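Below is entry_2.tsv, holding TSV, C-alpha atoms.
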chain	number	residue	atom	x	y	z
Y	964	MET	CA	6.45	12.19	-2.85
Y	965	PRO	CA	10.12	12.88	-2.13
Y	966	TRP	CA	9.16	14.65	1.08
Y	967	SER	CA	5.97	15.02	3.01
Y	968	LEU	CA	4.26	16.51	6.02
Y	969	PRO	CA	2.32	14.51	8.60
Y	970	ALA	CA	-1.44	14.74	8.57
Y	971	ILE	CA	-3.00	16.26	11.67
Y	972	ARG	CA	-6.64	15.83	12.54
Y	973	PRO	CA	-8.37	19.21	12.02
Y	974	ASP	CA	-10.25	18.87	15.29
Y	975	ALA	CA	-6.94	18.36	17.11
Y	976	MET	CA	-5.31	21.46	15.63
Y	977	SER	CA	-5.29	24.62	17.69
Y	978	PRO	CA	-5.48	28.02	15.96
Y	979	ALA	CA	-1.87	28.67	16.99
Y	980	LEU	CA	-0.68	25.40	15.49
Y	981	ARG	CA	-2.63	25.99	12.30
Y	982	ALA	CA	-1.06	29.45	11.98
Y	983	ALA	CA	2.42	28.02	12.58
Y	984	LEU	CA	1.92	25.38	9.90
Y	985	TYR	CA	0.39	27.71	7.32
Y	986	VAL	CA	3.64	28.59	5.53
Y	987	PRO	CA	5.03	25.00	5.48
Y	988	ALA	CA	1.66	23.79	4.21
Y	989	LYS	CA	1.61	26.34	1.38
Y	990	LEU	CA	5.18	25.45	0.44
Y	991	TYR	CA	4.20	21.78	0.33
Y	992	GLU	CA	1.22	22.58	-1.90
Y	993	LEU	CA	3.38	24.74	-4.17
Y	994	GLY	CA	5.94	21.96	-4.44
Y	995	ALA	CA	3.28	19.38	-5.31
Y	996	ARG	CA	1.73	21.60	-7.98
Y	997	MET	CA	5.08	22.53	-9.52
Y	998	ARG	CA	6.18	18.92	-9.63
Y	999	MET	CA	3.00	17.89	-11.40
Y	1000	ALA	CA	3.34	20.76	-13.86
Y	1001	LEU	CA	6.93	19.89	-14.75
Y	1002	TYR	CA	5.86	16.42	-15.87
Y	1003	GLU	CA	2.57	17.50	-17.45
Y	1004	THR	CA	4.42	19.98	-19.68
Y	1005	ALA	CA	7.14	17.40	-20.47
Y	1006	TYR	CA	9.83	19.64	-19.00
Y	1007	LEU	CA	10.68	16.48	-17.10
Y	1008	THR	CA	9.99	13.07	-18.65
Y	1009	PRO	CA	9.58	9.73	-16.90
Y	1010	LYS	CA	12.00	6.90	-17.55
Y	1011	ARG	CA	10.58	3.83	-19.26
Y	1012	LEU	CA	11.26	0.17	-18.52
Y	1013	THR	CA	11.05	-2.35	-21.34
Y	1014	LYS	CA	8.39	-4.41	-19.54
Y	1015	PRO	CA	4.87	-3.31	-18.54
Y	1016	VAL	CA	4.54	-1.33	-15.32
Y	1017	ILE	CA	1.27	-1.48	-13.39
Y	1018	SER	CA	1.17	1.13	-10.64
Y	1019	VAL	CA	-0.99	0.97	-7.53
Y	1020	GLY	CA	-1.15	4.10	-5.40
Y	1021	ASN	CA	-3.33	6.59	-3.58
Y	1022	ILE	CA	-3.87	10.32	-3.30
Y	1023	THR	CA	-4.32	10.42	0.47
Y	1024	ALA	CA	-2.01	9.68	3.39
Y	1025	GLY	CA	-2.91	6.80	5.64
Y	1026	GLY	CA	-4.26	3.33	4.96
Y	1027	THR	CA	-6.49	2.90	1.91
Y	1028	GLY	CA	-6.06	-0.84	1.43
Y	1029	LYS	CA	-3.40	-0.34	-1.25
Y	1030	THR	CA	-1.04	-3.13	-0.19
Y	1031	PRO	CA	-3.67	-5.91	-0.29
Y	1032	LEU	CA	-4.48	-4.79	-3.85
Y	1033	VAL	CA	-0.79	-4.98	-4.81
Y	1034	GLU	CA	-0.78	-8.55	-3.47
Y	1035	TYR	CA	-3.99	-9.38	-5.36
Y	1036	ILE	CA	-2.63	-8.09	-8.68
Y	1037	ALA	CA	0.81	-9.69	-8.34
Y	1038	ARG	CA	-0.73	-13.03	-7.37
Y	1039	TYR	CA	-3.15	-12.98	-10.29
Y	1040	LEU	CA	-0.49	-12.10	-12.87
Y	1041	THR	CA	1.78	-14.83	-11.51
Y	1042	GLU	CA	-1.03	-17.37	-11.70
Y	1043	GLU	CA	-1.52	-16.33	-15.33
Y	1044	GLY	CA	2.07	-17.33	-16.04
Y	1045	HIS	CA	3.72	-13.90	-15.98
Y	1046	GLU	CA	7.06	-13.54	-14.22
Y	1047	THR	CA	6.06	-10.70	-11.90
Y	1048	VAL	CA	8.28	-8.38	-9.87
Y	1049	VAL	CA	7.03	-5.93	-7.23
Y	1050	LEU	CA	8.90	-2.63	-7.02
Y	1051	THR	CA	8.50	-0.88	-3.69
Y	1052	ARG	CA	10.27	1.84	-1.76
Y	1053	GLY	CA	10.09	0.13	1.63
Y	1054	TYR	CA	8.86	3.05	3.71
Y	1055	GLY	CA	10.42	3.32	7.17
Y	1056	ARG	CA	13.22	0.81	6.68
Y	1057	ARG	CA	16.68	1.45	8.10
Y	1058	SER	CA	18.71	0.98	4.94
Y	1059	ALA	CA	19.13	2.78	1.64
Y	1060	ALA	CA	20.61	-0.24	-0.14
Y	1061	ARG	CA	18.66	-2.29	-2.68
Y	1062	VAL	CA	17.10	-5.38	-1.14
Y	1063	VAL	CA	15.67	-8.30	-3.13
Y	1064	LEU	CA	13.26	-10.68	-1.44
Y	1065	ASN	CA	12.40	-14.20	-2.66
Y	1066	ASP	CA	15.64	-14.44	-4.65
Y	1067	GLY	CA	16.70	-17.69	-3.03
Y	1068	GLN	CA	18.66	-15.98	-0.26
Y	1069	PRO	CA	17.57	-15.79	3.40
Y	1070	ALA	CA	15.25	-12.85	3.96
Y	1071	PRO	CA	16.85	-9.95	5.81
Y	1072	ASP	CA	15.46	-8.44	8.98
Y	1073	TRP	CA	12.32	-6.38	8.41
Y	1074	ALA	CA	14.22	-3.22	9.42
Y	1075	LEU	CA	16.40	-3.57	6.30
Y	1076	ALA	CA	13.59	-4.51	3.91
Y	1077	GLY	CA	10.58	-2.71	5.40
Y	1078	ASP	CA	7.51	-4.24	7.01
Y	1079	GLU	CA	5.20	-4.17	3.97
Y	1080	PRO	CA	7.80	-5.54	1.49
Y	1081	LEU	CA	8.58	-8.43	3.82
Y	1082	MET	CA	4.88	-9.10	4.29
Y	1083	LEU	CA	4.35	-9.10	0.51
Y	1084	ALA	CA	7.29	-11.47	0.02
Y	1085	ARG	CA	5.79	-13.94	2.47
Y	1086	GLN	CA	2.39	-13.71	0.84
Y	1087	LEU	CA	3.89	-14.08	-2.66
Y	1088	PRO	CA	6.69	-16.66	-2.45
Y	1089	ASP	CA	6.89	-16.93	-6.26
Y	1090	VAL	CA	7.24	-13.16	-6.76
Y	1091	LYS	CA	10.47	-11.23	-6.33
Y	1092	VAL	CA	10.07	-8.04	-4.31
Y	1093	VAL	CA	12.73	-5.43	-5.07
Y	1094	VAL	CA	13.02	-2.73	-2.42
Y	1095	GLY	CA	14.64	0.67	-2.90
Y	1096	ALA	CA	13.93	4.34	-3.56
Y	1097	ASP	CA	15.08	4.31	-7.22
Y	1098	ARG	CA	12.34	2.20	-8.78
Y	1099	TYR	CA	13.70	2.71	-12.32
Y	1100	ALA	CA	17.19	1.48	-11.45
Y	1101	ASN	CA	15.70	-1.43	-9.53
Y	1102	GLY	CA	13.46	-2.26	-12.47
Y	1103	ARG	CA	16.40	-2.27	-14.89
Y	1104	PHE	CA	18.25	-4.52	-12.46
Y	1105	ALA	CA	15.30	-6.93	-12.33
Y	1106	GLU	CA	14.99	-6.97	-16.14
Y	1107	MET	CA	18.64	-7.92	-16.49
Y	1108	ALA	CA	18.88	-10.29	-13.53
Y	1109	TYR	CA	15.55	-12.12	-13.65
Y	1110	GLY	CA	14.04	-11.66	-17.11
Y	1111	CYS	CA	10.68	-10.64	-15.66
Y	1112	ASP	CA	7.49	-10.06	-17.68
Y	1113	VAL	CA	5.68	-7.36	-15.71
Y	1114	PHE	CA	6.24	-4.96	-12.81
Y	1115	VAL	CA	3.78	-4.02	-10.09
Y	1116	LEU	CA	4.77	-0.62	-8.72
Y	1117	ASP	CA	3.72	-0.23	-5.10
Y	1118	ASP	CA	2.66	3.26	-3.95
Y	1119	GLY	CA	3.39	4.70	-7.37
Y	1120	PHE	CA	0.74	7.36	-7.96
Y	1121	GLN	CA	3.13	10.19	-7.08
Y	1122	HIS	CA	6.25	8.44	-8.46
Y	1123	PHE	CA	6.45	10.44	-11.69
Y	1124	GLN	CA	10.04	9.42	-12.40
Y	1125	LEU	CA	8.92	6.02	-13.72
Y	1126	GLN	CA	6.58	5.69	-16.68
Y	1127	ARG	CA	3.66	3.33	-16.02
Y	1128	ASP	CA	1.37	1.59	-18.46
Y	1129	LEU	CA	-1.56	1.35	-16.07
Y	1130	ASN	CA	-2.05	3.84	-13.25
Y	1131	ILE	CA	-4.44	2.43	-10.64
Y	1132	LEU	CA	-5.70	4.82	-7.98
Y	1133	VAL	CA	-6.98	3.39	-4.70
Y	1134	LEU	CA	-9.62	5.30	-2.74
Y	1135	ASP	CA	-10.99	4.40	0.68
Y	1136	ALA	CA	-14.78	4.52	0.38
Y	1137	THR	CA	-15.17	5.65	3.99
Y	1138	ASP	CA	-12.88	8.69	3.53
Y	1139	PRO	CA	-11.86	9.01	-0.12
Y	1140	PHE	CA	-10.63	12.61	-0.15
Y	1141	GLY	CA	-10.14	13.50	3.52
Y	1142	ASN	CA	-11.51	16.97	4.11
Y	1143	GLY	CA	-10.33	18.12	0.68
Y	1144	GLU	CA	-7.21	19.83	2.06
Y	1145	LEU	CA	-3.58	18.94	1.47
Y	1146	LEU	CA	-1.19	17.82	4.18
Y	1147	PRO	CA	-0.90	18.68	7.00
Y	1148	PHE	CA	-4.39	20.22	7.28
Y	1149	GLY	CA	-5.97	17.30	5.47
Y	1150	ARG	CA	-4.98	13.91	4.10
Y	1151	LEU	CA	-4.43	14.78	0.44
Y	1152	ARG	CA	-0.93	14.26	-0.94
Y	1153	GLU	CA	-1.83	16.24	-4.08
Y	1154	PRO	CA	-4.60	18.58	-5.23
Y	1155	LEU	CA	-7.79	16.83	-6.27
Y	1156	TYR	CA	-7.23	17.55	-9.96
Y	1157	ALA	CA	-4.46	14.90	-9.83
Y	1158	LEU	CA	-7.29	12.34	-9.86
Y	1159	LYS	CA	-7.48	12.68	-13.64
Y	1160	ARG	CA	-4.16	10.81	-14.00
Y	1161	ALA	CA	-5.87	7.57	-13.00
Y	1162	ASP	CA	-6.36	4.92	-15.66
Y	1163	ALA	CA	-8.51	2.92	-13.25
Y	1164	VAL	CA	-9.96	3.61	-9.81
Y	1165	VAL	CA	-10.40	0.91	-7.16
Y	1166	VAL	CA	-12.65	1.94	-4.28
Y	1167	THR	CA	-11.93	-0.19	-1.22
Y	1168	ARG	CA	-13.99	-0.93	1.90
Y	1169	THR	CA	-17.25	-0.68	0.00
Y	1170	ASP	CA	-18.78	-3.21	2.41
Y	1171	ARG	CA	-19.06	-0.28	4.82
Y	1172	ALA	CA	-21.49	2.62	4.60
Y	1173	PHE	CA	-20.29	5.34	2.23
Y	1174	ASP	CA	-21.61	8.10	-0.03
Y	1175	GLN	CA	-21.20	6.59	-3.47
Y	1176	ALA	CA	-22.92	9.49	-5.24
Y	1177	HIS	CA	-20.54	12.02	-3.67
Y	1178	LEU	CA	-17.47	9.93	-4.52
Y	1179	LEU	CA	-18.49	9.48	-8.15
Y	1180	GLY	CA	-19.47	13.15	-8.33
Y	1181	VAL	CA	-16.00	14.29	-7.27
Y	1182	LEU	CA	-14.40	11.97	-9.82
Y	1183	ALA	CA	-16.65	13.36	-12.56
Y	1184	ALA	CA	-15.91	16.97	-11.51
Y	1185	CYS	CA	-12.19	16.19	-11.84
Y	1186	ASP	CA	-12.67	14.80	-15.38
Y	1187	VAL	CA	-11.94	11.23	-14.36
Y	1188	THR	CA	-13.19	8.99	-17.15
Y	1189	ALA	CA	-11.38	5.85	-15.98
Y	1190	PRO	CA	-13.35	2.73	-15.01
Y	1191	VAL	CA	-14.26	2.49	-11.32
Y	1192	PHE	CA	-14.10	-0.85	-9.51
Y	1193	PHE	CA	-15.57	-1.53	-6.07
Y	1194	ALA	CA	-13.72	-3.75	-3.61
Y	1195	TYR	CA	-13.67	-4.83	0.00
Y	1196	HIS	CA	-11.43	-6.87	2.31
Y	1197	ASP	CA	-12.29	-10.20	3.84
Y	1198	ILE	CA	-10.62	-12.18	6.63
Y	1199	VAL	CA	-9.49	-15.40	4.94
Y	1200	GLY	CA	-7.28	-16.97	7.56
Y	1201	VAL	CA	-5.69	-16.88	10.99
Y	1202	TYR	CA	-2.34	-18.27	12.07
Y	1203	GLU	CA	-0.22	-18.43	15.20
Y	1204	LEU	CA	2.56	-15.86	15.50
Y	1205	GLY	CA	6.04	-17.30	15.18
Y	1206	ALA	CA	5.13	-20.89	14.30
Y	1207	ARG	CA	2.75	-19.64	11.58
Y	1208	ARG	CA	0.50	-22.62	12.21
Y	1209	PRO	CA	-2.96	-22.13	10.67
Y	1210	GLN	CA	-5.81	-21.66	13.11
Y	1211	ALA	CA	-9.54	-21.82	12.64
Y	1212	GLN	CA	-11.20	-18.40	12.50
Y	1213	ARG	CA	-13.39	-19.51	15.39
Y	1214	THR	CA	-10.21	-19.22	17.49
Y	1215	LEU	CA	-11.03	-15.50	17.67
Y	1216	VAL	CA	-14.67	-16.07	18.58
Y	1217	GLY	CA	-15.95	-16.79	22.06
Y	1218	GLN	CA	-13.03	-15.56	24.13
Y	1219	PRO	CA	-11.89	-12.05	25.12
Y	1220	ILE	CA	-9.50	-10.64	22.51
Y	1221	GLY	CA	-6.96	-7.83	22.71
Y	1222	ALA	CA	-6.42	-6.21	19.29
Y	1223	PHE	CA	-3.27	-4.25	18.53
Y	1224	SER	CA	-1.70	-2.88	15.35
Y	1225	ALA	CA	0.49	-0.20	13.78
Y	1226	LEU	CA	-1.57	0.80	10.75
Y	1227	GLY	CA	-2.72	3.89	8.94
Y	1228	LYS	CA	-6.31	3.07	9.92
Y	1229	PRO	CA	-6.34	0.67	12.88
Y	1230	VAL	CA	-10.09	1.06	13.38
Y	1231	ILE	CA	-10.67	-0.93	10.18
Y	1232	PHE	CA	-8.80	-3.92	11.62
Y	1233	GLU	CA	-10.69	-3.67	14.88
Y	1234	ASP	CA	-14.03	-3.48	13.06
Y	1235	ASP	CA	-13.11	-6.54	10.97
Y	1236	LEU	CA	-12.48	-8.51	14.15
Y	1237	ALA	CA	-15.79	-7.39	15.62
Y	1238	ASN	CA	-17.62	-8.30	12.42
Y	1239	LEU	CA	-16.03	-11.75	12.58
Y	1240	GLY	CA	-17.63	-12.18	16.00
Y	1241	ALA	CA	-14.57	-11.61	18.16
Y	1242	ASN	CA	-15.15	-10.27	21.67
Y	1243	VAL	CA	-12.68	-7.36	21.53
Y	1244	VAL	CA	-12.16	-6.20	25.13
Y	1245	PHE	CA	-8.95	-4.23	24.57
Y	1246	THR	CA	-7.34	-2.25	21.74
Y	1247	LYS	CA	-3.87	-0.76	21.42
Y	1248	ARG	CA	-2.89	1.48	18.50
Y	1249	PHE	CA	0.70	2.23	17.60
Y	1250	PRO	CA	1.86	4.71	14.94
Y	1251	ASP	CA	1.89	3.41	11.38
Y	1252	HIS	CA	5.06	1.34	10.61
Y	1253	HIS	CA	5.97	1.39	14.32
Y	1254	ALA	CA	9.16	-0.45	15.28
Y	1255	TYR	CA	8.17	-2.50	18.31
Y	1256	ALA	CA	10.46	-2.68	21.33
Y	1257	ALA	CA	10.47	-5.03	24.31
Y	1258	ASP	CA	8.96	-2.32	26.51
Y	1259	ASP	CA	6.06	-1.93	24.05
Y	1260	ILE	CA	5.31	-5.63	24.27
Y	1261	ALA	CA	5.58	-5.79	28.07
Y	1262	THR	CA	3.18	-2.85	28.43
Y	1263	LEU	CA	0.83	-4.29	25.83
Y	1264	VAL	CA	0.64	-7.68	27.55
Y	1265	ALA	CA	0.09	-6.14	30.99
Y	1266	GLU	CA	-2.67	-3.82	29.75
Y	1267	ALA	CA	-4.38	-6.55	27.74
Y	1268	LYS	CA	-4.42	-8.93	30.71
Y	1269	ALA	CA	-5.73	-6.18	32.97
Y	1270	ALA	CA	-8.61	-5.70	30.52
Y	1271	GLY	CA	-9.38	-9.42	30.66
Y	1272	ALA	CA	-7.96	-10.47	27.28
Y	1273	LYS	CA	-7.10	-14.16	26.92
Y	1274	ARG	CA	-5.58	-13.81	23.45
Y	1275	LEU	CA	-4.04	-11.08	21.30
Y	1276	ALA	CA	-4.78	-10.49	17.62
Y	1277	THR	CA	-2.74	-8.48	15.14
Y	1278	THR	CA	-2.13	-8.06	11.40
Y	1279	GLU	CA	0.31	-9.64	8.94
Y	1280	LYS	CA	2.05	-6.30	8.52
Y	1281	ASP	CA	2.71	-6.21	12.26
Y	1282	ALA	CA	3.58	-9.89	12.51
Y	1283	VAL	CA	6.83	-9.53	10.52
Y	1284	LYS	CA	8.09	-7.18	13.26
Y	1285	LEU	CA	6.94	-9.22	16.25
Y	1286	GLU	CA	8.66	-12.58	15.92
Y	1287	GLY	CA	11.14	-13.10	18.73
Y	1288	PHE	CA	9.31	-11.03	21.32
Y	1289	ASP	CA	8.09	-12.66	24.52
Y	1290	PHE	CA	4.33	-12.43	25.01
Y	1291	GLY	CA	4.41	-14.72	28.05
Y	1292	ASP	CA	1.37	-16.95	28.32
Y	1293	LEU	CA	-0.76	-14.71	26.11
Y	1294	PRO	CA	-1.11	-16.34	22.66
Y	1295	VAL	CA	-1.01	-14.12	19.55
Y	1296	SER	CA	-3.12	-14.75	16.44
Y	1297	VAL	CA	-2.26	-13.13	13.10
Y	1298	VAL	CA	-5.21	-12.21	10.88
Y	1299	GLN	CA	-4.93	-12.60	7.10
Y	1300	ILE	CA	-7.04	-10.44	4.78
Y	1301	LYS	CA	-7.50	-10.49	1.02
Y	1302	THR	CA	-8.97	-8.06	-1.50
Y	1303	LYS	CA	-12.30	-9.05	-3.03
Y	1304	LEU	CA	-13.69	-7.25	-6.09
Y	1305	GLU	CA	-17.27	-6.96	-7.31
Y	1306	ASP	CA	-16.07	-6.99	-10.92
Y	1307	GLU	CA	-13.04	-9.28	-10.89
Y	1308	VAL	CA	-13.35	-10.05	-14.58
Y	1309	GLY	CA	-13.25	-6.38	-15.52
Y	1310	LEU	CA	-10.08	-5.57	-13.57
Y	1311	LYS	CA	-8.31	-8.76	-14.60
Y	1312	SER	CA	-9.14	-8.09	-18.24
Y	1313	LEU	CA	-7.73	-4.57	-17.91
Y	1314	LEU	CA	-4.50	-5.94	-16.43
Y	1315	LEU	CA	-4.02	-8.47	-19.22
Y	1316	ARG	CA	-4.86	-5.95	-21.95
Y	1317	THR	CA	-2.24	-3.61	-20.52
Y	1318	ILE	CA	0.44	-6.29	-20.78
Y	1319	VAL	CA	-0.52	-7.23	-24.33
Y	1320	ARG	CA	-0.64	-3.58	-25.44
Y	1321	LYS	CA	2.77	-2.82	-23.93
Y	1322	LYS	CA	4.42	-5.84	-25.51
Y	1323	GLY	CA	2.98	-5.02	-28.89
Y	1324	LYS	CA	3.92	-1.35	-28.74
Y	1325	TYR	CA	7.25	-1.09	-26.97
Y	1326	TYR	CA	8.60	-4.58	-26.36
Y	1327	ARG	CA	12.24	-5.24	-27.03
Y	1328	LYS	CA	14.80	-7.58	-25.50
Y	1329	PRO	CA	16.72	-6.08	-22.59
Y	1330	SER	CA	20.25	-4.96	-23.42
Y	1331	SER	CA	23.19	-4.13	-21.24
Y	1332	ALA	CA	22.67	-0.44	-22.00
Y	1333	PRO	CA	19.92	1.59	-20.31
Y	1334	PRO	CA	16.93	2.38	-22.55
Y	1335	SER	CA	16.79	5.81	-24.13
Y	1336	ASP	CA	14.50	8.32	-22.48
Y	1337	ALA	CA	14.64	10.77	-25.37
Y	1338	ALA	CA	11.24	9.83	-26.76
Y	1339	ARG	CA	8.38	11.49	-24.98
Y	1340	PRO	CA	5.97	8.91	-23.45
Y	1341	ASP	CA	2.31	8.89	-24.41
Y	1342	SER	CA	1.31	10.13	-20.96
Y	1343	ASP	CA	2.76	10.61	-17.54
Y	1344	GLY	CA	-0.03	8.63	-15.92
Let me see the structure of the file written as structure tokens.
Amino acid sequence: MPWSLPAIRPDAMSPALRAALYVPAKLYELGARMRMALYETAYLTPKRLTKPVISVGNITAGGTGKTPLVEYIARYLTEEGHETVVLTRGYGRRSAARVVLNDGQPAPDWALAGDEPLMLARQLPDVKVVVGADRYANGRFAEMAYGCDVFVLDDGFQHFQLQRDLNILVLDATDPFGNGELLPFGRLREPLYALKRADAVVVTRTDRAFDQAHLLGVLAACDVTAPVFFAYHDIVGVYELGARRPQAQRTLVGQPIGAFSALGKPVIFEDDLANLGANVVFTKRFPDHHAYAADDIATLVAEAKAAGAKRLATTEKDAVKLEGFDFGDLPVSVVQIKTKLEDEVGLKSLLLRTIVRKKGKYYRKPSSAPPSDAARPDSDG
């Protein structure tokens, strides 16, 4: 979305605050509905890249496990021999300029690239990550500069400006639709009927208790006929902050751990540590995409030690923002997670079919001139 409102927990919202936010909330809803309608009626048409675009996005604010799925898809396509480029906005970064990661040049500071793009670039050293708000212009640049085969569009479900060939919607099994209300009274970015744009649905965190019948019932009520895939995240590695030396997972077991993160859903990370067998004696939660400062770290270390922690643990997303800070004698372990799917073959087959279909239907060699957008695309999904 070009603009947004922060989500506020309903139980934390006073009647006065809810009344004050009523008009802004209705304006946000009106804007979301009008924007959808303009593209659905072809009053506005998306721009089309010459290479396949696979979008991964969500309909709710907050962490759904979208970024690990982007990494999973980009890694798989690269392993299959496709020159893959990730297009991402780089939420929260301090620059509006285009940034390209893994192009042979030294990586910029995370504040210029964004925490998630830099994390993806480290996870995918053979994949170029192009960061910037104008995903179409960045895609055209990548087509001309790198001769790529396929794009993975990060957080693209609401990015109507760019035509995609596969629109993957990510839902968190533990809270797929929030309370059914739009921001700021709920977590929805769009009305629920936007679900029907999905070409595939990936439900994450299905290793936790969730109401599968309710989730599938809402999808059916919204006329979603796309295939539904069930996924979960698994801790696959641990490494030392800064040196990035691999550590055994048992490093986190048997000693008091202080867990800290700046995520959309930090409780998921904390639960993963507990399920691994870590003795989590202290937790510290910062706002999503938080820019750490020296005072944050000094307070964190003091509080963790006071709680008896002998080691800190954090996420890869946080790690890119933490190198260079002084944690004293308190070691910091970085936890790596990966997406696991129950039906890997089904999703992988869908990805490859999308690429083949796009090449057969629209493929042409890139030219120095931008592609024409006069032809109406098959769908805006």
Step by step, gather every atom of segment 1028-1033 of chain Y that the file lists, find the box along x, y and z that holds them, add 6 Å on each side, and finally give centre and edge lengths in Å to one decimal, as AutoDock Vina command-line options.
--center_x -3.4 --center_y -3.1 --center_z -1.7 --size_x 17.3 --size_y 17.6 --size_z 18.2
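Note that atom CA of Gly1055 of chain Y and atom CA of Leu1075 of chain Y are 9.2 Å apart.
Using all atoms listed in the file, the nearest neighbour of Gln1126 of chain Y within the list Y:Arg1207, Y:Lys1091, Y:Arg1011, Y:Lys989 is Y:Arg1011.
Going from atom CA of Glu1266 of chain Y over to atom CA of Thr1214 of chain Y, you cover 21.1 Å.
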List every residue of segment 1134-1229 of chain Y that has an atom at most 7 Å from any atom of segment 1278-1290 of chain Y, giving for each one its closest atom pair and the distance in Å to one decimal, counting all atoms listed in the file, sorted by chain and then by ascending residue number, as JSON lines.
{"residue": "Y:Leu1204", "atom": "CA", "partner": "Y:Ala1282", "partner_atom": "CA", "distance": 6.8}
{"residue": "Y:Gly1205", "atom": "CA", "partner": "Y:Glu1286", "partner_atom": "CA", "distance": 5.4}
{"residue": "Y:Ser1224", "atom": "CA", "partner": "Y:Asp1281", "partner_atom": "CA", "distance": 6.3}
{"residue": "Y:Ala1225", "atom": "CA", "partner": "Y:Asp1281", "partner_atom": "CA", "distance": 6.6}
Item to check | Long-range neighbours of Val1094 of chain Y as number ranges by chain, 6 Å cut-off, all atoms listed in the file, 2 positions minimum in chain | outcome: Y: 1051-1053, 1061-1062
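Taking atom CA of Pro1139 of chain Y and atom CA of Val1181 of chain Y as endpoints, the distance between them is 9.8 Å.
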Item to check | Top pick for closest residue to Glu1144 of chain Y, considering Y:Val1048, Y:Leu1040, Y:Glu992, Y:Arg1320 and counting all atoms listed in the file | outcome: Y:Glu992
Checklist entry - Skipping near chain neighbours, those fewer than 5 positions away, what residues fall within 7 Å of segment 1156-1163 of chain Y using all atoms listed in the file, listed as a count of residues only? => result 11
